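S.K.: Sharing start-v3.cif, mmCIF, C-alpha atoms:
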data_model
loop_
_atom_site.label_atom_id
_atom_site.label_comp_id
_atom_site.auth_asym_id
_atom_site.auth_seq_id
_atom_site.Cartn_x
_atom_site.Cartn_y
_atom_site.Cartn_z
CA MET A 30 -3.13 -5.35 -2.67
CA ARG A 31 0.32 -6.91 -2.58
CA VAL A 32 1.52 -8.65 0.56
CA SER A 33 4.65 -10.52 1.59
CA TYR A 34 4.25 -14.07 2.85
CA HIS A 35 6.33 -17.22 3.15
CA PRO A 36 5.20 -20.60 4.52
CA ASP A 37 8.31 -20.56 6.70
CA TYR A 38 6.95 -17.62 8.67
CA ARG A 39 5.68 -20.50 10.76
CA LEU A 40 8.19 -22.14 13.08
CA ASP A 41 8.13 -25.21 15.31
CA LEU A 42 8.12 -24.08 18.94
CA PRO A 43 7.67 -26.14 22.11
CA ALA A 44 4.02 -27.06 22.65
CA ALA A 45 3.67 -24.90 25.78
CA HIS A 46 5.37 -21.86 24.30
CA PRO A 47 3.24 -18.70 24.70
CA TYR A 48 3.99 -17.23 21.27
CA PRO A 49 1.12 -17.95 18.82
CA ILE A 50 3.35 -18.86 15.89
CA GLY A 51 0.47 -20.54 14.09
CA LYS A 52 -1.24 -17.20 13.49
CA TYR A 53 0.76 -16.60 10.31
CA PRO A 54 -0.53 -19.47 8.16
CA LEU A 55 -3.98 -19.04 9.74
CA LEU A 56 -4.04 -15.36 8.72
CA HIS A 57 -2.92 -16.28 5.21
CA ASP A 58 -5.71 -18.85 4.94
CA LEU A 59 -8.34 -16.49 6.36
CA LEU A 60 -7.47 -13.78 3.85
CA ARG A 61 -7.49 -16.28 1.00
CA GLY A 62 -10.84 -17.68 2.12
CA ARG A 63 -12.40 -14.22 2.33
CA GLY A 64 -11.24 -13.21 -1.12
CA LEU A 65 -8.87 -10.57 0.26
CA LEU A 66 -5.73 -12.27 -1.01
CA LEU A 67 -5.08 -13.85 -4.40
CA PRO A 68 -2.03 -15.98 -5.25
CA SER A 69 -0.91 -13.24 -7.62
CA ASP A 70 -0.88 -10.73 -4.72
CA ILE A 71 1.76 -12.63 -2.77
CA MET A 72 5.40 -11.59 -2.79
CA GLN A 73 7.54 -14.43 -1.43
CA PRO A 74 10.66 -13.13 0.31
CA GLU A 75 14.10 -14.64 0.40
CA GLU A 76 16.42 -14.33 3.40
CA ALA A 77 17.70 -10.80 3.98
CA SER A 78 21.42 -10.51 3.33
CA LEU A 79 23.97 -9.93 6.05
CA GLU A 80 24.85 -6.69 4.30
CA MET A 81 21.26 -5.47 4.62
CA LEU A 82 21.03 -6.54 8.26
CA GLY A 83 24.43 -5.05 9.07
CA ALA A 84 23.18 -1.53 8.34
CA VAL A 85 21.24 -1.79 11.63
CA HIS A 86 22.49 -4.75 13.63
CA ASP A 87 25.82 -5.32 15.33
CA ALA A 88 28.12 -7.71 13.44
CA ARG A 89 28.89 -9.73 16.56
CA TYR A 90 25.19 -10.21 17.31
CA LEU A 91 24.50 -11.34 13.74
CA ALA A 92 27.41 -13.79 13.89
CA GLN A 93 26.11 -15.27 17.14
CA LEU A 94 22.63 -15.64 15.67
CA GLY A 95 23.97 -17.34 12.56
CA ALA A 96 26.09 -19.76 14.58
CA CYS A 97 23.41 -20.22 17.30
CA THR A 98 25.95 -19.26 19.96
CA LEU A 99 24.09 -16.59 21.92
CA ALA A 100 24.65 -16.84 25.67
CA ALA A 101 21.87 -18.57 27.60
CA ALA A 102 20.88 -15.31 29.29
CA ASP A 103 20.52 -13.62 25.89
CA VAL A 104 18.36 -16.48 24.60
CA ARG A 105 16.13 -16.14 27.68
CA ARG A 106 15.79 -12.43 26.98
CA LEU A 107 14.92 -13.27 23.38
CA GLY A 108 12.08 -15.47 24.63
CA VAL A 109 12.27 -18.09 21.85
CA PRO A 110 14.71 -20.99 21.36
CA LEU A 111 17.58 -20.00 19.09
CA THR A 112 17.79 -22.40 16.14
CA SER A 113 18.89 -22.22 12.53
CA ALA A 114 15.18 -22.24 11.59
CA LEU A 115 14.56 -19.15 13.74
CA TRP A 116 17.53 -17.39 12.13
CA ARG A 117 16.17 -18.20 8.66
CA ARG A 118 12.64 -17.15 9.58
CA SER A 119 13.82 -13.85 11.04
CA ARG A 120 15.69 -13.01 7.84
CA LEU A 121 12.65 -13.93 5.73
CA VAL A 122 10.46 -11.58 7.76
CA VAL A 123 12.91 -8.70 7.35
CA GLN A 124 12.99 -9.19 3.59
CA GLY A 125 9.19 -9.42 3.61
CA THR A 126 8.89 -5.99 5.23
CA TRP A 127 11.35 -4.50 2.75
CA LEU A 128 9.33 -5.96 -0.15
CA ALA A 129 6.13 -4.53 1.34
CA ALA A 130 7.76 -1.13 1.70
CA ARG A 131 8.89 -1.17 -1.93
CA ALA A 132 5.41 -2.22 -3.05
CA SER A 133 3.76 0.53 -1.00
CA LEU A 134 5.92 3.13 -2.73
CA GLU A 135 4.55 1.87 -6.06
CA ASP A 136 0.96 1.02 -5.11
CA GLY A 137 0.12 3.25 -2.14
CA ILE A 138 -0.56 0.41 0.34
CA ALA A 139 1.11 -2.95 0.87
CA ALA A 140 1.74 -5.29 3.78
CA ASN A 141 3.76 -8.08 5.32
CA LEU A 142 1.85 -10.97 6.89
CA ALA A 143 4.42 -10.90 9.71
CA GLY A 144 6.89 -8.37 11.09
CA GLY A 145 6.70 -5.53 13.54
CA THR A 146 9.54 -7.01 15.60
CA HIS A 147 10.01 -3.75 17.45
CA HIS A 148 11.75 -5.06 20.59
CA ALA A 149 14.89 -5.97 18.61
CA PHE A 150 17.78 -3.60 19.32
CA ALA A 151 20.93 -3.17 17.27
CA ASP A 152 22.91 -5.57 19.47
CA HIS A 153 20.33 -7.87 21.04
CA GLY A 154 16.81 -9.19 20.76
CA GLU A 155 14.07 -9.45 23.36
CA GLY A 156 10.34 -9.97 23.70
CA PHE A 157 10.10 -12.57 20.88
CA CYS A 158 11.90 -10.17 18.49
CA VAL A 159 15.20 -11.20 16.87
CA LEU A 160 15.81 -8.65 14.08
CA ASN A 161 14.15 -5.26 13.71
CA ASP A 162 12.45 -5.60 10.34
CA VAL A 163 11.12 -2.05 10.12
CA ALA A 164 14.46 -0.49 11.02
CA VAL A 165 16.32 -2.62 8.46
CA ALA A 166 13.76 -1.78 5.77
CA ILE A 167 14.07 1.95 6.47
CA HIS A 168 17.85 1.82 6.21
CA ALA A 169 17.62 -0.18 2.98
CA LEU A 170 15.25 2.36 1.41
CA ARG A 171 17.54 5.18 2.38
CA ARG A 172 20.58 3.40 1.00
CA GLU A 173 18.69 2.85 -2.26
CA ARG A 174 17.71 6.54 -2.24
CA ILE A 175 14.04 5.85 -2.75
CA ALA A 176 12.78 7.12 0.62
CA ALA A 177 14.82 9.49 2.75
CA ARG A 178 12.42 10.09 5.64
CA ALA A 179 10.09 7.68 7.45
CA LEU A 180 7.32 7.70 10.02
CA VAL A 181 6.77 4.63 12.21
CA ILE A 182 3.29 4.41 13.74
CA ASP A 183 3.54 1.73 16.42
CA LEU A 184 0.21 0.78 17.98
CA ASP A 185 1.22 -2.50 19.55
CA VAL A 186 0.26 -2.46 23.25
CA HIS A 187 3.96 -2.74 24.12
CA GLN A 188 6.22 0.22 23.43
CA GLY A 189 8.47 -0.18 20.40
CA ASN A 190 11.60 0.22 22.51
CA GLY A 191 14.04 -1.32 20.03
CA THR A 192 12.86 0.85 17.14
CA ALA A 193 12.93 3.96 19.34
CA ALA A 194 16.48 3.19 20.48
CA ILE A 195 17.77 2.48 16.97
CA PHE A 196 16.48 5.80 15.64
CA ALA A 197 17.18 7.92 18.73
CA GLY A 198 18.64 11.20 17.55
CA ASP A 199 17.88 10.47 13.88
CA PRO A 200 15.85 13.45 12.62
CA ALA A 201 14.84 11.62 9.43
CA VAL A 202 12.79 8.97 11.29
CA TYR A 203 9.81 9.93 13.43
CA THR A 204 8.67 7.21 15.86
CA LEU A 205 5.17 7.36 17.34
CA SER A 206 4.30 4.79 19.99
CA LEU A 207 0.84 4.54 21.60
CA HIS A 208 1.11 1.84 24.25
CA GLY A 209 0.15 0.61 27.71
CA GLU A 210 2.08 2.78 30.13
CA ARG A 211 2.41 0.07 32.79
CA ASN A 212 3.04 -2.77 30.37
CA TYR A 213 6.23 -4.32 28.98
CA PRO A 214 8.92 -3.07 28.71
CA ALA A 215 9.19 -1.84 32.28
CA ARG A 216 11.93 0.55 31.22
CA LYS A 217 10.76 2.45 28.16
CA ALA A 218 13.00 3.90 25.47
CA THR A 219 12.26 7.40 24.17
CA SER A 220 10.31 7.62 20.93
CA THR A 221 9.87 10.90 19.09
CA HIS A 222 6.33 10.87 20.48
CA ASP A 223 5.23 8.48 23.23
CA VAL A 224 1.64 8.21 24.43
CA GLY A 225 1.28 5.98 27.48
CA LEU A 226 -2.22 4.73 28.22
CA PRO A 227 -3.61 3.48 31.55
CA ASP A 228 -4.71 -0.12 32.01
CA GLY A 229 -8.31 -0.67 30.92
CA THR A 230 -8.34 2.02 28.22
CA ALA A 231 -11.34 1.30 25.96
CA ASP A 232 -12.47 2.38 22.50
CA ASP A 233 -13.40 6.04 22.87
CA ALA A 234 -10.50 7.01 25.12
CA TYR A 235 -8.07 5.16 22.87
CA LEU A 236 -9.28 6.91 19.72
CA ALA A 237 -9.30 10.25 21.53
CA ALA A 238 -5.59 9.77 22.23
CA LEU A 239 -4.73 8.35 18.82
CA VAL A 240 -6.31 10.86 16.45
CA PRO A 241 -4.41 13.98 17.59
CA ALA A 242 -1.17 11.99 17.92
CA LEU A 243 -1.56 10.84 14.32
CA ALA A 244 -2.17 14.37 13.12
CA THR A 245 0.87 15.66 14.98
CA ALA A 246 3.12 12.88 13.67
CA LEU A 247 2.01 13.20 10.06
CA ALA A 248 2.55 16.96 10.13
CA ALA A 249 5.93 16.82 11.86
CA ALA A 250 7.52 13.80 10.19
CA ALA A 251 7.62 15.14 6.61
CA ALA A 252 7.86 11.46 5.71
CA ASP A 253 8.29 9.76 2.36
CA ILE A 254 6.83 6.50 3.70
CA VAL A 255 4.85 5.30 6.73
CA PHE A 256 5.29 1.97 8.49
CA TYR A 257 2.36 0.83 10.62
CA VAL A 258 2.95 -1.73 13.38
CA ALA A 259 -0.65 -2.94 13.78
CA GLY A 260 -0.47 -5.00 16.97
CA VAL A 261 -3.82 -6.41 18.09
CA ASP A 262 -2.83 -6.97 21.72
CA VAL A 263 -4.82 -3.83 22.59
CA VAL A 264 -8.07 -5.83 22.43
CA ALA A 265 -9.83 -6.88 25.63
CA GLN A 266 -8.93 -10.34 26.97
CA ASP A 267 -5.51 -10.34 25.35
CA ARG A 268 -3.16 -12.40 27.53
CA TYR A 269 -0.53 -9.65 27.74
CA GLY A 270 -2.50 -6.56 26.81
CA ARG A 271 -4.29 -4.91 29.77
CA LEU A 272 -6.23 -2.55 27.47
CA ALA A 273 -9.89 -3.03 26.63
CA LEU A 274 -10.63 -2.27 22.98
CA SER A 275 -13.55 -4.10 21.40
CA GLU A 276 -13.35 -5.62 17.92
CA ALA A 277 -15.33 -2.63 16.66
CA GLY A 278 -12.85 -0.32 18.36
CA LEU A 279 -9.96 -2.11 16.70
CA ARG A 280 -11.62 -1.64 13.33
CA ARG A 281 -12.07 2.06 14.07
CA ARG A 282 -8.37 2.26 14.92
CA GLU A 283 -7.29 0.56 11.69
CA ARG A 284 -9.52 2.76 9.60
CA ALA A 285 -8.32 5.91 11.37
CA VAL A 286 -4.66 5.11 10.64
CA ILE A 287 -5.20 4.03 7.05
CA GLU A 288 -7.43 6.98 6.18
CA ALA A 289 -5.11 9.53 7.81
CA VAL A 290 -2.01 8.23 6.06
CA ARG A 291 -3.62 7.92 2.65
CA ALA A 292 -5.33 11.31 2.98
CA ALA A 293 -1.81 12.68 3.36
CA ALA A 294 -0.92 10.88 0.10
CA LEU A 295 1.79 8.83 1.82
CA PRO A 296 2.74 5.20 1.04
CA LEU A 297 1.71 2.83 3.84
CA ALA A 298 3.53 -0.41 4.68
CA ILE A 299 1.64 -2.51 7.24
CA VAL A 300 3.28 -5.09 9.52
CA LEU A 301 1.58 -7.26 12.14
CA GLY A 302 3.05 -6.66 15.58
CA GLY A 303 1.80 -8.72 18.51
CA GLY A 304 -1.43 -10.37 19.52
CA TYR A 305 -2.17 -12.93 22.24
CA ALA A 306 -5.92 -13.50 22.14
CA PRO A 307 -7.48 -16.50 23.92
CA SER A 308 -6.88 -18.65 20.82
CA THR A 309 -4.48 -18.52 17.90
CA LEU A 310 -7.43 -18.45 15.50
CA ARG A 311 -8.91 -15.46 17.32
CA THR A 312 -5.55 -13.70 17.08
CA ALA A 313 -5.46 -14.30 13.32
CA GLU A 314 -9.04 -13.04 12.96
CA LEU A 315 -8.12 -9.80 14.73
CA HIS A 316 -5.05 -9.34 12.52
CA ALA A 317 -7.26 -9.84 9.46
CA ILE A 318 -9.15 -6.63 10.25
CA VAL A 319 -6.33 -4.30 9.22
CA PHE A 320 -5.97 -6.15 5.91
CA ALA A 321 -9.71 -5.91 5.25
CA GLU A 322 -9.60 -2.17 5.92
CA ALA A 323 -6.47 -1.69 3.82
CA ALA A 324 -7.96 -3.68 0.94
CA ARG A 325 -11.14 -1.60 1.15
CA ARG A 326 -9.14 1.63 0.85
CA TRP A 327 -6.94 0.17 -1.89
CA ARG A 328 -10.03 -0.70 -3.97
CA LEU A 329 -11.61 2.70 -3.42
CA GLU A 330 -8.49 4.43 -4.68
CA ARG A 331 -8.54 2.36 -7.84
CA GLU A 332 -12.23 2.96 -8.45
CA ALA A 333 -11.95 6.72 -8.01
CA PRO A 334 -12.23 8.76 -11.23
#
How would this structure read if it were set down as structure tokens?

M.R.:
Amino acid sequence: MRVSYHPDYRLDLPAAHPYPIGKYPLLHDLLRGRGLLLPSDIMQPEEASLEMLGAVHDARYLAQLGACTLAAADVRRLGVPLTSALWRRSRLVVQGTWLAARASLEDGIAANLAGGTHHAFADHGEGFCVLNDVAVAIHALRRERIAARALVIDLDVHQGNGTAAIFAGDPAVYTLSLHGERNYPARKATSTHDVGLPDGTADDAYLAALVPALATALAAAAADIVFYVAGVDVVAQDRYGRLALSEAGLRRRERAVIEAVRAAALPLAIVLGGGYAPSTLRTAELHAIVFAEAARRWRLEREAP
């Protein structure tokens, strides 16, 4: 199964910074060590062009990012120090999601070992999200005329407010967000279909909400491609999560999404989303579950007569 990855997905952040930036190389190494990722599977992105980014993002915002001249208040809202390295990394991640989307259209399933930066709006970033990789990839596919309609399944514990806002009123993009109702952002955007969950929601209640929402979205979207934001901050003990899924429940979730999308014969592009487990290694281990499930399905499809 092809995946996008670049060593510069990692970034030097201050030692006390809450974002687990080390999860990206750790996830890469875990997948390699478990035989789920071969060197030949890796697509190494370059930096997304300004032309590609400009289909979604405001030109003034992009210029400020490139020159590192965002106002201090905007950098605080972003949640990460604005540097030339962050600007480069953000563009690499966008290109990685576009590559994964292209690969999924050819292979059925593909992934980016980063991405899901769903709090990025057209004219600003927030919540550790600089550029909206999924939104840019969708616009690029449409411009290339290889996928006209898209479904975004966002299961990060935080609502995908940036993605919802970017595609508000766009009938060709269906956004499904299943998230913690009382969690960040305090002021939610409006997705095509929002499902807000109470704090403490555990495995069975979560799956009971997810399965019919998936069925509704897949039937209504008439999509050519599905993007899955597979945040793992729904798992119990996540620093910012407030939900209570077990590891087994997370695996059930990943399998439910992958099986539903592939049963509908739709290409599936997987991106990471958030995760803030007690350790960076634990976060990477939880992210690895969706890749294990995707690889399992990918192999089954190739072994079928």

S.K.: Closest to Leu180 in chain A among A:Ala114, A:Ala197, A:Ala246, A:Leu99, using all atoms listed in the file?

M.R.: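 Closest candidate: A:Ala246.
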
S.K.: From the set A:Ile195, A:Ala130, A:Ala140, A:Val159, which residue has the shortest atom-to-atom contact distance to Gly95 in chain A, counting all atoms listed in the file?

M.R.: A:Val159

S.K.: Which is closest to Arg311 in chain A among A:Val264, A:Val165, A:Ala324, A:Leu243, if we use only C-alpha atoms?

M.R.: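 Ranked by minimum distance to Arg311 in chain A, first place goes to A:Val264.
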
S.K.: Which residue is closest to Pro307 in chain A? Choose from A:Met72, A:Val240, A:Ala289, A:Pro49 and count all atoms listed in the file.

M.R.: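 Of A:Met72, A:Val240, A:Ala289, A:Pro49, the one nearest Pro307 in chain A, counting all atoms listed in the file, is A:Pro49.
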
S.K.: I need the residue set behind the PyMOL selection byres ((chain A and resi 277) around 12) for this file; please write it as a PyMOL selection string.

M.R.: chain A and resi 231-233+236+264-265+273-276+278-284+315+318-319

S.K.: For the PyMOL selection byres ((chain A and resi 316) around 12), applied here, can you spell out every residue it catches as an MDAnalysis selection string?

M.R.: chainID A and resid 52:57 59:60 140:143 185 258:264 276 279:280 283 299:306 309:315 317:323

S.K.: Got time to write the residues from that selection, C-alpha atoms, as a JSON list (two decimals), keeping the file's coordinate frame?

M.R.:
[["chain", "number", "residue", "atom", "x", "y", "z"],
["A", 52, "LYS", "CA", -1.24, -17.20, 13.49],
["A", 53, "TYR", "CA", 0.76, -16.60, 10.31],
["A", 54, "PRO", "CA", -0.53, -19.47, 8.16],
["A", 55, "LEU", "CA", -3.98, -19.04, 9.74],
["A", 56, "LEU", "CA", -4.04, -15.36, 8.72],
["A", 57, "HIS", "CA", -2.92, -16.28, 5.21],
["A", 59, "LEU", "CA", -8.34, -16.49, 6.36],
["A", 60, "LEU", "CA", -7.47, -13.78, 3.85],
["A", 140, "ALA", "CA", 1.74, -5.29, 3.78],
["A", 141, "ASN", "CA", 3.76, -8.08, 5.32],
["A", 142, "LEU", "CA", 1.85, -10.97, 6.89],
["A", 143, "ALA", "CA", 4.42, -10.90, 9.71],
["A", 185, "ASP", "CA", 1.22, -2.50, 19.55],
["A", 258, "VAL", "CA", 2.95, -1.73, 13.38],
["A", 259, "ALA", "CA", -0.65, -2.94, 13.78],
["A", 260, "GLY", "CA", -0.47, -5.00, 16.97],
["A", 261, "VAL", "CA", -3.82, -6.41, 18.09],
["A", 262, "ASP", "CA", -2.83, -6.97, 21.72],
["A", 263, "VAL", "CA", -4.82, -3.83, 22.59],
["A", 264, "VAL", "CA", -8.07, -5.83, 22.43],
["A", 276, "GLU", "CA", -13.35, -5.62, 17.92],
["A", 279, "LEU", "CA", -9.96, -2.11, 16.70],
["A", 280, "ARG", "CA", -11.62, -1.64, 13.33],
["A", 283, "GLU", "CA", -7.29, 0.56, 11.69],
["A", 299, "ILE", "CA", 1.64, -2.51, 7.24],
["A", 300, "VAL", "CA", 3.28, -5.09, 9.52],
["A", 301, "LEU", "CA", 1.58, -7.26, 12.14],
["A", 302, "GLY", "CA", 3.05, -6.66, 15.58],
["A", 303, "GLY", "CA", 1.80, -8.72, 18.51],
["A", 304, "GLY", "CA", -1.43, -10.37, 19.52],
["A", 305, "TYR", "CA", -2.17, -12.93, 22.24],
["A", 306, "ALA", "CA", -5.92, -13.50, 22.14],
["A", 309, "THR", "CA", -4.48, -18.52, 17.90],
["A", 310, "LEU", "CA", -7.43, -18.45, 15.50],
["A", 311, "ARG", "CA", -8.91, -15.46, 17.32],
["A", 312, "THR", "CA", -5.55, -13.70, 17.08],
["A", 313, "ALA", "CA", -5.46, -14.30, 13.32],
["A", 314, "GLU", "CA", -9.04, -13.04, 12.96],
["A", 315, "LEU", "CA", -8.12, -9.80, 14.73],
["A", 317, "ALA", "CA", -7.26, -9.84, 9.46],
["A", 318, "ILE", "CA", -9.15, -6.63, 10.25],
["A", 319, "VAL", "CA", -6.33, -4.30, 9.22],
["A", 320, "PHE", "CA", -5.97, -6.15, 5.91],
["A", 321, "ALA", "CA", -9.71, -5.91, 5.25],
["A", 322, "GLU", "CA", -9.60, -2.17, 5.92],
["A", 323, "ALA", "CA", -6.47, -1.69, 3.82]]

S.K.: Can you list, as number ranges by chain, every protein, DNA or RNA residue that comes within 9 Å of range 121-129 of chain A when you count only C-alpha atoms, leaving out same-chain residues fewer than 4 positions away?

M.R.: A: 31-35, 37-38, 72-78, 82, 116-117, 133-134, 138-145, 160-163, 165-167, 169-170, 297-300

S.K.: Suppose you want the space between CA of Met30 in chain A and CA of Ala292 in chain A; what is it in Å?

M.R.: 17.7 Å

S.K.: Pick the closest to Phe157 in chain A from A:Tyr48, A:Tyr203, A:Tyr235, A:Tyr90: which is it, counting all atoms listed in the file?

M.R.: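 Under the stated criterion, the closest residue is A:Tyr48.
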
S.K.: Calculate how many Å separate CA of Pro36 in chain A from CA of Asp136 in chain A, rounding to one decimal.

M.R.: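 Computing it gives 24.0 Å between the two atoms.
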
S.K.: Need the shell around Asp41 in chain A: protein/DNA/RNA residues with any atom at most 9 Å away, counting only C-alpha atoms. Skip same-chain ones fewer than 3 positions apart. Format as a ChimeraX atom specification?

M.R.: /A:44,50,114-115

S.K.: Here is a test: counting only C-alpha atoms, which residue of A:Thr98, A:Thr245, A:Thr230, A:Asn212 is nearest to Tyr269 in chain A?

M.R.: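 Closest candidate: A:Asn212.
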
S.K.: Written as a list in words, which residues does the PyMOL selection byres ((chain A and resi 181) around 10) give for the file shown?

M.R.: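 Checked against the file, the PyMOL selection byres ((chain A and resi 181) around 10) matches Val163, Ala164, Ile167, Ala179, Leu180, Ile182, Asp183, Leu184, Gly189, Thr192, Ala193, Val202, Tyr203, Thr204, Leu205, Ser206, Ser220, Thr221, Ala246, Ala250, Ala252, Ile254, Val255, Phe256, Tyr257, Val258, Leu297 and Ala298 of chain A.
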
S.K.: Quick check, in Å to one decimal: how far apart do CA of Ala149 in chain A and CA of Ile71 in chain A lie?

M.R.: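 CA of Ile71 in chain A lies at a distance of 26.0 Å from CA of Ala149 in chain A.
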
S.K.: Applying 12 Å and all atoms listed in the file, which residues near Leu94 in chain A remain after dropping the ones on its own chain fewer than 5 positions away? List them as a list in words.

M.R.: Leu79, Leu82, His86, Asp87, Ala88, Arg89, Leu99, Ala100, Asp103, Val104, Leu107, Pro110, Leu111, Thr112, Ser113, Ala114, Leu115, Trp116, Arg117, Arg118, Ser119, Arg120, Asp152, His153, Gly154, Val159 and Leu160 of chain A

S.K.: Assuming 4 Å of padding per side, give the centre and edge lengths of the axis-aligned box around every listed atom of range 181-186 of chain A, in Å to one decimal and as lines of an AutoDock Vina configuration file.

M.R.:
center_x = 3.5
center_y = 1.1
center_z = 17.7
size_x = 14.6
size_y = 15.1
size_z = 19.0

S.K.: Do you know which residues are at most 7 Å from Leu226 in chain A counting all atoms listed in the file, after dropping those on the same chain fewer than 4 positions away, and could you put them as a PyMOL selection string?

M.R.: chain A and resi 208-210+230

S.K.: Mind rebuilding range 181-192 of chain A with N, CA and C atoms and writing that out as a tab-separated table (two decimals), in the frame of the given file?

M.R.:
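Produced file part01.tsv, reproduced below:
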chain	number	residue	atom	x	y	z
A	181	VAL	N	7.18	5.93	11.68
A	181	VAL	CA	6.77	4.63	12.21
A	181	VAL	C	5.63	4.87	13.19
A	182	ILE	N	4.45	4.34	12.86
A	182	ILE	CA	3.29	4.41	13.74
A	182	ILE	C	3.17	3.05	14.42
A	183	ASP	N	3.49	3.00	15.69
A	183	ASP	CA	3.54	1.73	16.42
A	183	ASP	C	2.39	1.70	17.43
A	184	LEU	N	1.38	0.87	17.11
A	184	LEU	CA	0.21	0.78	17.98
A	184	LEU	C	0.09	-0.57	18.67
A	185	ASP	N	1.16	-1.33	18.69
A	185	ASP	CA	1.22	-2.50	19.55
A	185	ASP	C	1.04	-2.02	21.00
A	186	VAL	N	0.48	-2.87	21.86
A	186	VAL	CA	0.26	-2.46	23.25
A	186	VAL	C	1.56	-2.27	24.01
A	187	HIS	N	2.64	-2.86	23.49
A	187	HIS	CA	3.96	-2.74	24.12
A	187	HIS	C	4.80	-1.71	23.37
A	188	GLN	N	5.45	-0.83	24.10
A	188	GLN	CA	6.22	0.22	23.43
A	188	GLN	C	7.28	-0.37	22.51
A	189	GLY	N	7.46	0.26	21.36
A	189	GLY	CA	8.47	-0.18	20.40
A	189	GLY	C	9.85	0.30	20.82
A	190	ASN	N	10.36	-0.29	21.91
A	190	ASN	CA	11.60	0.22	22.51
A	190	ASN	C	12.82	0.03	21.61
A	191	GLY	N	12.90	-1.10	20.91
A	191	GLY	CA	14.04	-1.32	20.03
A	191	GLY	C	14.07	-0.33	18.89
A	192	THR	N	12.93	-0.11	18.25
A	192	THR	CA	12.86	0.85	17.14
A	192	THR	C	13.19	2.25	17.63
